[in-house]
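Below is one structure, written out as structure tokens, with a few remarks after it.
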Amino acid sequence: MRDKPILDPEFSSIWTLWKNGQIDLTTPLRSAGHQDPKSVREVEKYRPRRSREAYSQYVRRSTKLYKIAATCLCLIFITVMLLTVANLPPYGDPNAPTVNEVSERYLEEGTDETGAVNTVAGMILDYRAFDTLGESFVLFTSVCAVAILMNLSGKRQHIKHTKELINYADDMIVRGVCRFLIPVILIFGIYILLNGHLSPGGGFSGGAVLGAGLIIYAMVWGEEQASRIFPAKTVRLVVFCSLVFYCLAKSYSFYTGANHLPSAIPMGIPGHILSGGLIMPLNVAVGFVVCFTMYSFYMFFRRGRL
Amino acid sequence: MTQIFGNLLSNYEDVVAVLLFSIGFCVLLFSRNLIKKVVGLDIMDTGVFLLLASRGYIAGRHVPIIVDGITTAEYYINPIPAGLVLTGIVVSVSVSALMLSLTVRIYRTYHTLDVDALYMMMAVNKGGKP
Amino acid sequence: MMTAFRIILLSSLVLCAIGTAIVKKPMHAIIIYMAYSVIMSVIWILLESPDLAITEAAVGAGVTGILFFLTLHRINLIDKDAEHDEEKKAEEEADHEG
């Protein structure tokens, strides 16, 4: 057993230490809080069936075998994929099979049927709205999963070395620049969000930019302040309401479409901001989900809670 | 020869996409550090997006935003692959976040990010043959 | 002209990817990954998809990079907490014996 703690960053790797017999890998399990007597007894009862040298030789040989097998697999993979890709149609070919009647329909009658000038936004929020709904649910699920994994319990929430956490708000330059920069970022994000059906952008892009703005606000002015403005209840409520609104709005569209009823939502004049039927509200809903997803990732990684 | 190697010398994006996918795959297989494995997975993701979106490009045509009332389909590129990739980019960040949180939990229990050491520690923890 | 620009961007993409494979420290790999993301964003513009360019710039170089740095920071803090605990235990044992 060495007298230096196992976490000393000077040593090159735990693997070399273990090979040279300098550490005993059962100790981290005891110091990491596994005070359960049953597991401690199980660990101490274990005796390796081979000597350390034989075992390290075995591991070295299997590592070499792994490297050789992995190299062969990668080379075979690259060759097969290159041969497959070689038979794709040439770059920028207008006669490619992917340019078919579906894209013609989306381009020629997209503006009349959806009311959106940006055909990509019209496509993902009108013709293929189901995919976007599924994607919003994926984002929501990942936030739930990260919340479960990163949620520190009780007394472990307060990080002991508070002087290690750099407080960016003390720095005058950072604070001065961000005082000017953050409103510009937030306004730009809102602009991308609201103009999703008229110019490039939409829900995902606008939400990502808004989320980045919120992250930098939380970084510079402190997480306490940010969590006072966006408490956990607000974030949960907004994300939940956005998803429910998306479901209800699209259910209405499916209902009227499937039964050939005229939809009560006005289409508007293409090119104006209040046009495209449901596309602008849906853009806002998706943008909120994406924005609060990015913000929640930051808060959970930083603090363990929103 | 041209039958096998076909369009490899003119479809640069497809070749680069395949190369990126395989480089990401190699990083995922060969690196010992868990965080570099996550970076490898991200590179694989962007390789796939490049392959998909390059299928929608048509030479000489414009961005699929209707301008000046020109609604003929010969004036714009194919908008469908761009819509698919847009969803994919945001899902890729969720996957990365989830994997990084798993890494933090692993580190909290085992205090190492080295895959070989983790394997040995987990085998010892289970009490079975390493 | 545009073909030369395309070739330069695509080859620098491959070089960045190889770079992340070669460097030893994960911190350096993350920084190279952020540069790779920005180059990718320019390639999306060349492929006439501005929606993808905005999203990739905001998400790839911005949010994913931040998440990686936060992970490294949190791992460092876990290390420091464990060291702090061990030092405290050693002190307590020394006090107890003394």
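Identifiers in the structure tokens: chain A, B, ... in order shown; residue index from 1 per chain; ligand index from 1 in order shown.
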
Each residue of region 19-76 of chain C with at least one atom at most 12 Å from region 61-85 of chain B should appear once, together with its nearest atom pair and the corresponding distance in Å (one decimal); atoms considered: only C-alpha atoms; ordering: chain, then increasing residue number; output as CSV.
```
residue,atom,partner,partner_atom,distance
C:Trp44,CA,B:Ala82,CA,9.6
C:Ile45,CA,B:Val63,CA,9.5
C:Leu46,CA,B:Val63,CA,10.3
C:Leu47,CA,B:Val63,CA,8.9
C:Glu48,CA,B:Val63,CA,5.3
C:Ser49,CA,B:Val63,CA,6.6
C:Pro50,CA,B:Val63,CA,7.8
C:Asp51,CA,B:Ala82,CA,8.0
C:Leu52,CA,B:Ala82,CA,7.1
C:Ala53,CA,B:Ala82,CA,10.4
C:Thr55,CA,B:Val85,CA,10.3
C:Glu56,CA,B:Val85,CA,10.3
```

Chain B contacts to chain C at 7 Å (only C-alpha atoms) as an NGL selection string: :B and (16 or 20 or 23 or 27 or 35-36 or 54 or 57 or 62-63 or 82 or 86 or 89 or 93 or 97 or 100 or 104 or 107-108)

Write the residues you've just listed into a file as a CSV table (one decimal), in the first residue's frame, and include N, CA and C atoms for each of them.
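Final file, out_29.csv:
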```csv
chain,number,residue,atom,x,y,z
B,16,VAL,N,-15.9,12.0,-47.2
B,16,VAL,CA,-15.6,12.6,-45.9
B,16,VAL,C,-16.5,12.2,-44.8
B,20,LEU,N,-15.3,10.4,-41.5
B,20,LEU,CA,-15.6,10.9,-40.2
B,20,LEU,C,-16.3,9.8,-39.3
B,23,ILE,N,-13.6,7.4,-38.3
B,23,ILE,CA,-12.7,7.9,-37.3
B,23,ILE,C,-13.4,8.0,-35.9
B,27,VAL,N,-12.2,6.2,-32.5
B,27,VAL,CA,-12.0,6.8,-31.2
B,27,VAL,C,-12.8,6.2,-30.2
B,35,ILE,N,-14.3,10.2,-21.5
B,35,ILE,CA,-14.7,11.4,-22.1
B,35,ILE,C,-14.4,11.4,-23.6
B,36,LYS,N,-13.2,10.9,-23.9
B,36,LYS,CA,-12.9,10.8,-25.3
B,36,LYS,C,-13.8,9.9,-26.1
B,54,SER,N,-26.0,16.1,-47.5
B,54,SER,CA,-25.4,16.3,-48.8
B,54,SER,C,-26.2,15.6,-49.9
B,57,TYR,N,-28.5,18.4,-51.7
B,57,TYR,CA,-28.0,19.5,-52.5
B,57,TYR,C,-28.1,19.3,-54.0
B,62,HIS,N,-31.1,27.3,-55.2
B,62,HIS,CA,-31.0,28.2,-54.0
B,62,HIS,C,-31.6,27.6,-52.8
B,63,VAL,N,-31.5,28.4,-51.7
B,63,VAL,CA,-32.0,28.0,-50.4
B,63,VAL,C,-33.5,27.8,-50.5
B,82,ALA,N,-32.8,18.3,-45.1
B,82,ALA,CA,-32.4,19.3,-44.1
B,82,ALA,C,-33.3,19.3,-42.9
B,86,LEU,N,-32.1,18.5,-38.9
B,86,LEU,CA,-32.3,19.5,-37.9
B,86,LEU,C,-32.7,18.8,-36.6
B,89,ILE,N,-29.6,17.0,-35.0
B,89,ILE,CA,-28.6,17.7,-34.3
B,89,ILE,C,-29.0,17.9,-32.8
B,93,VAL,N,-27.2,16.3,-29.0
B,93,VAL,CA,-26.8,17.0,-27.8
B,93,VAL,C,-27.4,16.4,-26.5
B,97,ALA,N,-25.3,14.7,-23.4
B,97,ALA,CA,-25.6,15.2,-22.0
B,97,ALA,C,-25.8,14.0,-21.1
B,100,LEU,N,-22.6,12.1,-20.5
B,100,LEU,CA,-21.7,12.8,-19.6
B,100,LEU,C,-22.2,12.7,-18.1
B,104,VAL,N,-20.1,11.1,-14.9
B,104,VAL,CA,-19.9,11.7,-13.6
B,104,VAL,C,-20.3,10.7,-12.5
B,107,TYR,N,-17.6,8.2,-12.1
B,107,TYR,CA,-16.4,8.7,-11.4
B,107,TYR,C,-16.7,8.8,-9.9
B,108,ARG,N,-17.9,9.2,-9.5
B,108,ARG,CA,-18.2,9.3,-8.1
B,108,ARG,C,-18.0,8.0,-7.4
```

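Interatomic distance, CA of Thr98 (chain A) against CA of Phe5 (chain B): 21.3 Å.
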
task: Would you return as a ChimeraX atom specification the members of region 100-286 of chain A that DSSP assigns to helix (DSSP H, G or I) on this structure's backbone?
output: /A:101-108,110-114,119-127,129-150,154-157,162-164,168-170,172-194,203-221,223-229,232-258,279-286

field: d(CA of Ile173 (chain A), CA of Ile216 (chain A)) in Å
entry: 14.3 Å

message: Please report the interatomic distance between CA of Ala86 (chain A) and CA of Val102 (chain A) in Å with one decimal.
response: 25.3 Å

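Using only C-alpha atoms, the nearest neighbour of chain A within the list C:Ile54, C:Asn76, C:Gly65, C:Ala94 is C:Ile54.
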
query: Gly47 (chain B): which residues within 8 Å, counting only C-alpha atoms, same-chain residues fewer than 3 positions away excluded, as a ChimeraX atom specification?
result: /B:16-21,43-44,50-51

Kindly provide the residues of chain A that approach chain C to within 6 Å, each paired with its closest atom pair and their distance in Å to one decimal, based on only C-alpha atoms, listed by chain and increasing number, as CSV.
```
residue,atom,partner,partner_atom,distance
A:Pro200,CA,C:Asp51,CA,5.2
A:Gly201,CA,C:Asp51,CA,5.0
A:Ser205,CA,C:Thr55,CA,4.6
A:Ala208,CA,C:Ala58,CA,5.9
A:Val209,CA,C:Ala58,CA,5.8
```

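Distances to chain B were evaluated for A:Tyr66, A:Tyr91, A:Tyr298, A:Phe180 using only C-alpha atoms, and the minimum falls at A:Tyr91.
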
Which residues are near region 245-258 of chain A? Cut-off 10 Å, only C-alpha atoms, ignore same chain within fewer than 2 positions. Put them as a PDB file with C-alpha atoms, in the first residue's frame.
```pdb
ATOM      1  CA  LEU A 125     -44.207  21.680 -38.405  1.00  0.00           C
ATOM      2  CA  ASP A 126     -47.036  20.915 -40.785  1.00  0.00           C
ATOM      3  CA  ALA A 129     -45.360  17.454 -37.367  1.00  0.00           C
ATOM      4  CA  PHE A 130     -45.323  14.033 -35.723  1.00  0.00           C
ATOM      5  CA  THR A 132     -41.102  17.146 -34.249  1.00  0.00           C
ATOM      6  CA  LEU A 133     -43.451  16.044 -31.486  1.00  0.00           C
ATOM      7  CA  SER A 136     -39.598  17.257 -28.223  1.00  0.00           C
ATOM      8  CA  VAL A 239     -42.075  22.758 -20.596  1.00  0.00           C
ATOM      9  CA  PHE A 240     -45.146  20.748 -19.675  1.00  0.00           C
ATOM     10  CA  CYS A 241     -47.554  23.345 -21.060  1.00  0.00           C
ATOM     11  CA  SER A 242     -45.560  23.629 -24.310  1.00  0.00           C
ATOM     12  CA  LEU A 243     -45.717  19.891 -24.908  1.00  0.00           C
ATOM     13  CA  HIS A 260     -62.132  16.825 -44.443  1.00  0.00           C
ATOM     14  CA  LEU A 261     -63.457  19.686 -42.322  1.00  0.00           C
ATOM     15  CA  PRO A 262     -62.276  23.249 -42.912  1.00  0.00           C
ATOM     16  CA  SER A 263     -59.861  24.349 -40.219  1.00  0.00           C
ATOM     17  CA  ALA A 264     -60.948  27.335 -38.135  1.00  0.00           C
ATOM     18  CA  ILE A 265     -57.430  28.746 -37.940  1.00  0.00           C
ATOM     19  CA  LEU A 278     -50.418  27.131 -36.295  1.00  0.00           C
ATOM     20  CA  PRO A 281     -47.279  29.101 -31.978  1.00  0.00           C
ATOM     21  CA  LEU A 282     -45.764  25.671 -32.522  1.00  0.00           C
ATOM     22  CA  ASN A 283     -42.367  27.237 -33.203  1.00  0.00           C
ATOM     23  CA  VAL A 284     -42.653  29.096 -29.897  1.00  0.00           C
ATOM     24  CA  ALA A 285     -43.602  25.891 -28.062  1.00  0.00           C
ATOM     25  CA  VAL A 286     -40.676  23.924 -29.507  1.00  0.00           C
TER      26      VAL A 286
END
```

field: Residue nearest chain B among A:Pro270, A:Pro90, A:Gly222, A:Gly176 (counting only C-alpha atoms)
entry: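 Among A:Pro270, A:Pro90, A:Gly222, A:Gly176, it is A:Pro90 that comes nearest to chain B.
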
Residue nearest chain A among B:Leu29, B:Met120, B:Ile58, B:Leu113 (counting only C-alpha atoms):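 Smallest distance to chain A is found for B:Ile58.
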
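Distances from A:Arg175, A:Arg61, A:Lys233, A:His197 to chain B were compared using only C-alpha atoms, and the smallest one belongs to A:His197.
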
message: Nearest residue to chain A out of B:Met99, B:Leu9, B:Val39, B:Ala59, using only C-alpha atoms?
response: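 Of the candidates, the smallest distance to chain A is held by B:Ala59.
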